[in-house]
Structures are given as structure tokens and as C-alpha cells.
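Undergrad: Structure file run_17.cif (mmCIF, C-alpha atoms and all ligand atoms) is given on the next line.
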data_start
#
loop_
_atom_site.label_atom_id
_atom_site.label_comp_id
_atom_site.auth_asym_id
_atom_site.auth_seq_id
_atom_site.Cartn_x
_atom_site.Cartn_y
_atom_site.Cartn_z
CA MET A 1 -1.09 -68.55 32.66
CA PRO A 2 2.14 -70.17 33.79
CA GLU A 3 2.23 -70.55 37.57
CA ASP A 4 5.77 -71.84 38.16
CA TRP A 5 7.46 -68.55 39.00
CA GLN A 6 8.22 -66.60 42.15
CA ARG A 7 9.12 -63.02 41.13
CA ALA A 8 7.44 -60.60 38.73
CA LEU A 9 8.08 -57.00 37.76
CA ALA A 10 5.31 -54.88 36.25
CA VAL A 11 6.44 -51.96 34.08
CA VAL A 12 3.89 -49.37 32.96
CA ALA A 13 3.67 -45.71 31.94
CA HIS A 14 1.26 -44.23 34.50
CA PRO A 15 -0.30 -44.56 37.92
CA ASP A 16 -3.59 -46.47 37.32
CA ASP A 17 -2.43 -48.55 34.31
CA LEU A 18 -2.02 -51.69 36.43
CA GLU A 19 -5.23 -51.02 38.33
CA TYR A 20 -7.20 -50.84 35.08
CA GLY A 21 -5.44 -53.83 33.58
CA ALA A 22 -4.07 -56.39 36.03
CA ALA A 23 -4.78 -55.76 39.73
CA ALA A 24 -7.08 -58.75 40.36
CA ALA A 25 -4.43 -61.13 39.02
CA VAL A 26 -1.77 -59.36 41.10
CA ALA A 27 -3.95 -59.78 44.22
CA ARG A 28 -4.27 -63.48 43.54
CA TRP A 29 -0.54 -63.88 42.97
CA THR A 30 0.59 -61.97 46.05
CA ASP A 31 -1.88 -63.97 48.16
CA ALA A 32 -0.12 -67.08 46.91
CA GLY A 33 3.22 -65.69 48.15
CA ARG A 34 4.61 -64.31 44.88
CA GLU A 35 6.79 -61.18 44.98
CA ILE A 36 5.69 -58.46 42.58
CA GLY A 37 7.26 -55.02 42.11
CA TYR A 38 5.81 -52.06 40.22
CA LEU A 39 7.89 -49.74 38.06
CA LEU A 40 6.23 -46.63 36.62
CA ALA A 41 7.86 -44.51 33.94
CA THR A 42 6.08 -41.34 35.13
CA ARG A 43 4.04 -40.03 38.04
CA GLY A 44 1.06 -39.42 35.75
CA GLU A 45 1.47 -35.70 36.28
CA ALA A 46 -0.32 -34.74 33.05
CA GLY A 47 -3.37 -36.86 33.89
CA ILE A 48 -5.69 -34.41 35.67
CA ASP A 49 -6.91 -31.39 33.72
CA GLY A 50 -7.63 -29.22 36.78
CA ILE A 51 -4.36 -29.86 38.64
CA PRO A 52 -0.97 -28.63 37.31
CA PRO A 53 1.75 -31.26 36.95
CA GLU A 54 3.72 -30.50 40.11
CA GLY A 55 0.75 -31.00 42.40
CA ALA A 56 -0.66 -33.87 40.37
CA ALA A 57 2.64 -35.78 40.53
CA ARG A 58 2.58 -35.76 44.35
CA ILE A 59 -1.08 -36.78 44.54
CA ARG A 60 -0.80 -39.51 41.97
CA GLU A 61 2.39 -41.00 43.40
CA ALA A 62 0.66 -41.35 46.77
CA GLU A 63 -2.45 -42.82 45.15
CA GLN A 64 -0.31 -45.34 43.27
CA ARG A 65 1.46 -46.48 46.44
CA ALA A 66 -1.92 -46.97 48.16
CA SER A 67 -3.25 -48.86 45.12
CA ALA A 68 -0.28 -51.20 45.11
CA LYS A 69 -0.64 -51.84 48.84
CA ALA A 70 -4.28 -52.85 48.33
CA VAL A 71 -3.14 -55.82 46.23
CA GLY A 72 -0.12 -56.77 48.34
CA VAL A 73 2.59 -54.90 46.43
CA GLY A 74 5.01 -52.99 48.67
CA THR A 75 7.67 -52.03 46.12
CA VAL A 76 6.70 -49.15 43.84
CA GLU A 77 9.39 -47.28 41.92
CA PHE A 78 9.10 -44.27 39.65
CA LEU A 79 11.34 -43.24 36.76
CA GLU A 80 11.75 -39.61 35.77
CA HIS A 81 10.21 -39.66 32.29
CA ARG A 82 7.72 -36.95 31.41
CA ASP A 83 4.04 -37.88 31.29
CA GLY A 84 2.54 -37.63 27.82
CA VAL A 85 5.79 -37.42 25.88
CA ILE A 86 7.67 -40.56 26.90
CA GLU A 87 10.18 -41.47 24.21
CA GLU A 88 10.63 -45.09 23.28
CA GLY A 89 14.37 -45.53 22.84
CA PRO A 90 17.67 -46.46 24.49
CA ALA A 91 17.26 -44.16 27.52
CA LEU A 92 13.95 -45.74 28.50
CA ARG A 93 15.16 -49.26 27.70
CA ARG A 94 18.23 -48.68 29.87
CA ASP A 95 16.14 -47.53 32.85
CA ILE A 96 13.86 -50.56 32.53
CA ALA A 97 16.79 -52.97 32.00
CA ALA A 98 18.36 -51.61 35.21
CA ALA A 99 15.14 -52.29 37.13
CA ILE A 100 14.92 -55.80 35.66
CA ARG A 101 18.47 -56.49 36.85
CA ARG A 102 17.62 -55.24 40.35
CA HIS A 103 14.38 -57.21 40.65
CA ARG A 104 15.44 -60.34 38.69
CA PRO A 105 11.89 -61.32 37.68
CA GLU A 106 10.85 -64.50 35.90
CA LEU A 107 7.64 -62.85 34.69
CA LEU A 108 7.65 -59.36 33.19
CA ILE A 109 4.26 -57.66 33.08
CA THR A 110 3.48 -54.61 30.98
CA PHE A 111 0.50 -52.79 29.49
CA ASN A 112 -0.98 -52.64 26.00
CA HIS A 113 1.78 -51.69 23.56
CA HIS A 114 -0.37 -52.05 20.46
CA ASP A 115 -1.66 -49.16 18.36
CA THR A 116 -5.26 -49.65 19.48
CA TRP A 117 -7.36 -51.15 22.28
CA GLY A 118 -8.99 -53.28 19.58
CA GLY A 119 -10.98 -52.10 16.59
CA THR A 120 -10.57 -48.39 16.03
CA VAL A 121 -9.99 -47.17 19.61
CA TRP A 122 -6.54 -45.55 19.41
CA ASN A 123 -4.07 -46.20 22.25
CA THR A 124 -1.90 -43.48 23.84
CA PRO A 125 1.74 -42.82 22.84
CA ASP A 126 3.01 -43.42 26.40
CA HIS A 127 1.47 -46.90 26.58
CA ARG A 128 2.95 -47.84 23.23
CA ALA A 129 6.39 -46.50 24.15
CA VAL A 130 6.63 -48.08 27.58
CA GLY A 131 5.08 -51.39 26.55
CA ARG A 132 7.44 -51.79 23.62
CA ALA A 133 10.48 -50.62 25.58
CA ALA A 134 9.68 -53.07 28.41
CA LEU A 135 9.39 -55.98 25.98
CA ASP A 136 12.72 -54.94 24.41
CA ALA A 137 14.40 -54.38 27.78
CA ALA A 138 13.77 -58.02 28.75
CA GLY A 139 16.49 -58.87 26.25
CA ASP A 140 18.69 -55.87 27.08
CA ALA A 141 18.76 -56.87 30.75
CA GLY A 142 20.42 -60.17 29.87
CA ASN A 143 23.04 -58.77 27.51
CA ARG A 144 26.24 -57.57 29.16
CA TRP A 145 27.24 -55.37 26.23
CA ILE A 146 24.10 -53.39 25.37
CA PHE A 147 24.26 -51.15 28.46
CA PRO A 148 27.71 -52.04 29.87
CA GLU A 149 27.59 -49.12 32.32
CA LEU A 150 24.89 -50.89 34.36
CA ALA A 151 27.35 -53.55 35.52
CA ARG A 152 30.39 -51.27 35.50
CA ASP A 153 28.97 -48.28 37.40
CA GLU A 154 25.94 -49.62 39.24
CA GLY A 155 26.98 -53.19 39.96
CA LEU A 156 23.93 -54.56 38.16
CA GLU A 157 24.91 -57.90 36.64
CA PRO A 158 22.95 -59.19 33.61
CA TRP A 159 19.68 -61.00 34.31
CA GLY A 160 18.51 -63.36 31.60
CA GLY A 161 15.92 -65.13 33.73
CA ILE A 162 12.71 -63.68 32.30
CA ARG A 163 10.72 -66.61 30.99
CA TRP A 164 7.50 -64.88 30.01
CA MET A 165 6.33 -61.37 29.18
CA ALA A 166 2.64 -60.76 29.84
CA VAL A 167 0.80 -57.78 28.32
CA ALA A 168 -2.25 -56.62 30.27
CA GLY A 169 -4.99 -54.75 28.41
CA SER A 170 -3.95 -56.23 25.07
CA PRO A 171 -6.59 -56.53 22.35
CA TYR A 172 -5.02 -59.91 21.51
CA PRO A 173 -5.10 -61.91 24.77
CA THR A 174 -3.78 -65.46 24.69
CA HIS A 175 -3.89 -66.46 28.37
CA ALA A 176 -5.94 -65.65 31.46
CA VAL A 177 -5.79 -65.84 35.22
CA GLU A 178 -9.01 -66.98 36.83
CA VAL A 179 -9.84 -64.72 39.76
CA GLY A 180 -12.19 -65.10 42.72
CA ASP A 181 -14.47 -62.68 44.56
CA THR A 182 -11.75 -61.67 47.02
CA ASP A 183 -9.33 -60.86 44.20
CA VAL A 184 -11.98 -58.75 42.47
CA GLU A 185 -12.81 -56.87 45.69
CA ARG A 186 -9.14 -56.09 46.25
CA ALA A 187 -8.79 -54.94 42.62
CA VAL A 188 -11.80 -52.65 43.05
CA ALA A 189 -10.25 -51.19 46.22
CA SER A 190 -6.95 -50.81 44.38
CA LEU A 191 -8.43 -48.88 41.42
CA ALA A 192 -10.60 -46.81 43.77
CA GLU A 193 -7.45 -45.53 45.50
CA HIS A 194 -6.93 -43.30 42.43
CA GLN A 195 -9.48 -40.94 43.94
CA ALA A 196 -8.34 -37.60 42.55
CA TYR A 197 -7.96 -39.09 39.09
CA ILE A 198 -11.35 -40.83 39.08
CA ARG A 199 -13.16 -37.80 40.54
CA ALA A 200 -11.74 -35.69 37.72
CA LEU A 201 -13.09 -37.97 35.00
CA SER A 202 -16.36 -39.23 36.50
CA ASP A 203 -19.23 -38.00 38.69
CA ARG A 204 -19.40 -41.40 40.33
CA GLU A 205 -17.91 -42.45 43.64
CA PRO A 206 -14.48 -44.02 42.98
CA ALA A 207 -15.44 -47.44 44.39
CA GLU A 208 -18.64 -47.55 42.36
CA TYR A 209 -16.80 -46.46 39.21
CA ALA A 210 -14.05 -49.06 39.82
CA ARG A 211 -16.53 -51.89 40.42
CA GLU A 212 -18.42 -51.16 37.22
CA PHE A 213 -15.30 -50.79 35.07
CA LEU A 214 -13.56 -53.91 36.35
CA GLY A 215 -16.79 -55.92 36.31
CA SER A 216 -17.28 -55.23 32.63
CA THR A 217 -13.67 -55.98 31.62
CA MET A 218 -13.69 -59.25 33.56
CA GLU A 219 -16.98 -60.21 31.98
CA ILE A 220 -15.49 -59.65 28.52
CA ALA A 221 -12.53 -61.83 29.49
CA ALA A 222 -14.88 -64.47 30.95
CA ARG A 223 -16.68 -64.80 27.62
CA ARG A 224 -13.42 -65.89 26.04
CA PHE A 225 -12.13 -68.02 28.92
CA GLY A 226 -14.81 -70.52 29.86
CA GLY A 227 -17.28 -68.14 31.48
CA ARG A 228 -15.22 -67.58 34.64
CA PRO A 229 -14.11 -64.11 35.85
CA ALA A 230 -10.59 -63.63 34.63
CA VAL A 231 -7.81 -61.20 33.89
CA ALA A 232 -6.51 -61.70 30.37
CA PHE A 233 -2.94 -61.27 29.15
CA GLN A 234 -1.12 -61.58 25.86
CA LEU A 235 1.83 -63.83 26.65
CA TYR A 236 5.22 -63.79 24.92
CA PRO A 237 7.39 -66.68 26.14
CA ARG A 238 11.14 -66.17 26.05
ZN ZN B 301 -1.98 -44.93 31.23
#
What do you get writing this file as C-alpha cells?
TA:
Amino acid sequence: MPEDWQRALAVVAHPDDLEYGAAAAVARWTDAGREIGYLLATRGEAGIDGIPPEGAARIREAEQRASAKAVGVGTVEFLEHRDGVIEEGPALRRDIAAAIRRHRPELLITFNHHDTWGGTVWNTPDHRAVGRAALDAAGDAGNRWIFPELARDEGLEPWGGIRWMAVAGSPYPTHAVEVGDTDVERAVASLAEHQAYIRALSDREPAEYAREFLGSTMEIAARRFGGRPAVAFQLYPR
């Protein structure tokens, strides 16, 4: 992965997407002094079968803030799109372009925008919509005339400084970040902060569940990247 950057913005659909896909790399980067912000399109309010959306939104927003803190991320913002039915289109691109102009990142991180997780495991519509809209918004953010109201009404001048877009959780990874034991421990703690969510889908303790899940994904990445624990990304240079 390129290392000559200072600011990144990660744009995903739901609380937990970054913890499943990228947290160990984020821990390593923030330790090295990089600034990383998180932008979530929803509060994941449709994610827990036993808890209606209003209550789930509050719980999951708090869990996401704690997760981010565990890997050194203090800035977590939420958009007002509706979990499960996010529409890929100009409204979403505009919201993401506005965030890109505020954060001025060199690296844009998002989550698997492909149809599947690889093979025949179908992805969710929200991941596809937000991943694709984020990749598109990297260009929108730099164009003064696509969403002219951002500069006119909100004072957000164009930002064309994104040099790479990195997709976590992609079935087609091209690059990887080697991570150490400390990074992995922090990523486990970060995913385990999604307690209500994990308890609803597993009988296991959140930390135990997180360790097993992240251990297996890093091992799969390691097989493809020289045998070392790694977080893999599909990189689109700009
Ligand atoms: Zn998700």
C-alpha cells in the first residue's frame, strides 16, 4: 500500500463495516500519526432483528464511536440515509462529496462495492450503493460544477487531492498492509465494541467472536501476501 499520505477518509454503509474490513490497518496508520475520519451512511438501525430501528440506531451509533476510538479514530460522522434501502445516486454522492471536501483526504477508503464477496456469496445492496457512490464522489468532490451548491451555500471548495481509493473487503485485492500483533489486538477490541450486534448474531462472547473472525480473514490475506498477517485492499489510483 502507498504510505506517502497524511489524511484518509473512510466511507461505509453501516456501523461494523470498517471493523470487519479494515480496523487493523487503521490502527497501524493512526499509530504512525495519520489522521483518519469515518463517515457512515446510516446508523445500522435495521441490523438487529430483536431491536426496532429507533433504539438500534442509538445503540449502534454509540458502539461505532467506541469502535473507532479503539483504533485511534476520533472523528465519526453519520449521514441520514436509511439502513437497508440506501439509494446509489446524486443525493448520496453529494453527501459524500461534501464530506470529502471537509476532510480533504489523500486516501479514500470504502467497503466492498462488488456484487459478491467472491464466488457466489451475494453482497448487500447498501454496500454496493455506498461503495460505488464513494468511488464516484472522489471525482465529484474535485469538480466545481457537479454540485455547485456545496461551494456556494456551504463554503466547501473543490478538493481534487485524492490520490488513491482503497476498497476493503474486496474479492479482488491488489495491495495489503502488513499488520503486527498490537494492530490485530486493537482491531479485535474495535470489532468487539459492537456488542449488541454481535450478541444478536452469535452465542459467543464478542471478543472471542471478533478474534476468530479477524484471525481467519487475516490468514486468508496472508496466504496471498507473503505469509504475513495483513489487511488487503483493492486499490484504484487516481
Ligand atoms: Zn454492512
Undergrad: Would you mind listing what lies within 7 Å of Ala176 of chain A as an MDAnalysis selection string, with only C-alpha atoms counted and same-chain residues fewer than 6 positions away left out?
TA: chainID A and resid 1 230:233
Undergrad: For segment 75-90 of chain A, please output as a ChimeraX atom specification all residues within 7 Å (counting only C-alpha atoms; exclusion window: fewer than 5 positions along the same chain).
TA: /A:37-46,65,126,129-130,133
Undergrad: In Å, with one decimal, what is the gap from atom CA of Ala8 of chain A to atom CA of Trp29 of chain A?
TA: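 That distance, rounded to one decimal, is 9.6 Å.
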Undergrad: Give the residues close to ligand ZN 301 (chain B), within 10 Å, counting all atoms listed in the file; write them as a short mmCIF file (atom, residue, chain, number, x, y, z; two decimals) with C-alpha atoms, in the coordinates of the input.
TA:
data_model
loop_
_atom_site.label_atom_id
_atom_site.label_comp_id
_atom_site.auth_asym_id
_atom_site.auth_seq_id
_atom_site.Cartn_x
_atom_site.Cartn_y
_atom_site.Cartn_z
CA VAL A 12 3.89 -49.37 32.96
CA ALA A 13 3.67 -45.71 31.94
CA HIS A 14 1.26 -44.23 34.50
CA PRO A 15 -0.30 -44.56 37.92
CA ASP A 16 -3.59 -46.47 37.32
CA ASP A 17 -2.43 -48.55 34.31
CA LEU A 18 -2.02 -51.69 36.43
CA GLU A 19 -5.23 -51.02 38.33
CA TYR A 20 -7.20 -50.84 35.08
CA GLY A 21 -5.44 -53.83 33.58
CA LEU A 40 6.23 -46.63 36.62
CA THR A 42 6.08 -41.34 35.13
CA GLY A 44 1.06 -39.42 35.75
CA GLY A 47 -3.37 -36.86 33.89
CA ASP A 83 4.04 -37.88 31.29
CA GLY A 84 2.54 -37.63 27.82
CA PHE A 111 0.50 -52.79 29.49
CA ASN A 112 -0.98 -52.64 26.00
CA ASN A 123 -4.07 -46.20 22.25
CA THR A 124 -1.90 -43.48 23.84
CA PRO A 125 1.74 -42.82 22.84
CA ASP A 126 3.01 -43.42 26.40
CA HIS A 127 1.47 -46.90 26.58
CA ARG A 128 2.95 -47.84 23.23
CA VAL A 130 6.63 -48.08 27.58
#
Undergrad: Can you list, as a PyMOL selection string, every protein, DNA or RNA residue that comes within 7 Å of Ala24 of chain A when you count all atoms listed in the file, leaving out same-chain residues fewer than 5 positions away?
TA: chain A and resi 179+183-184+186-187+231
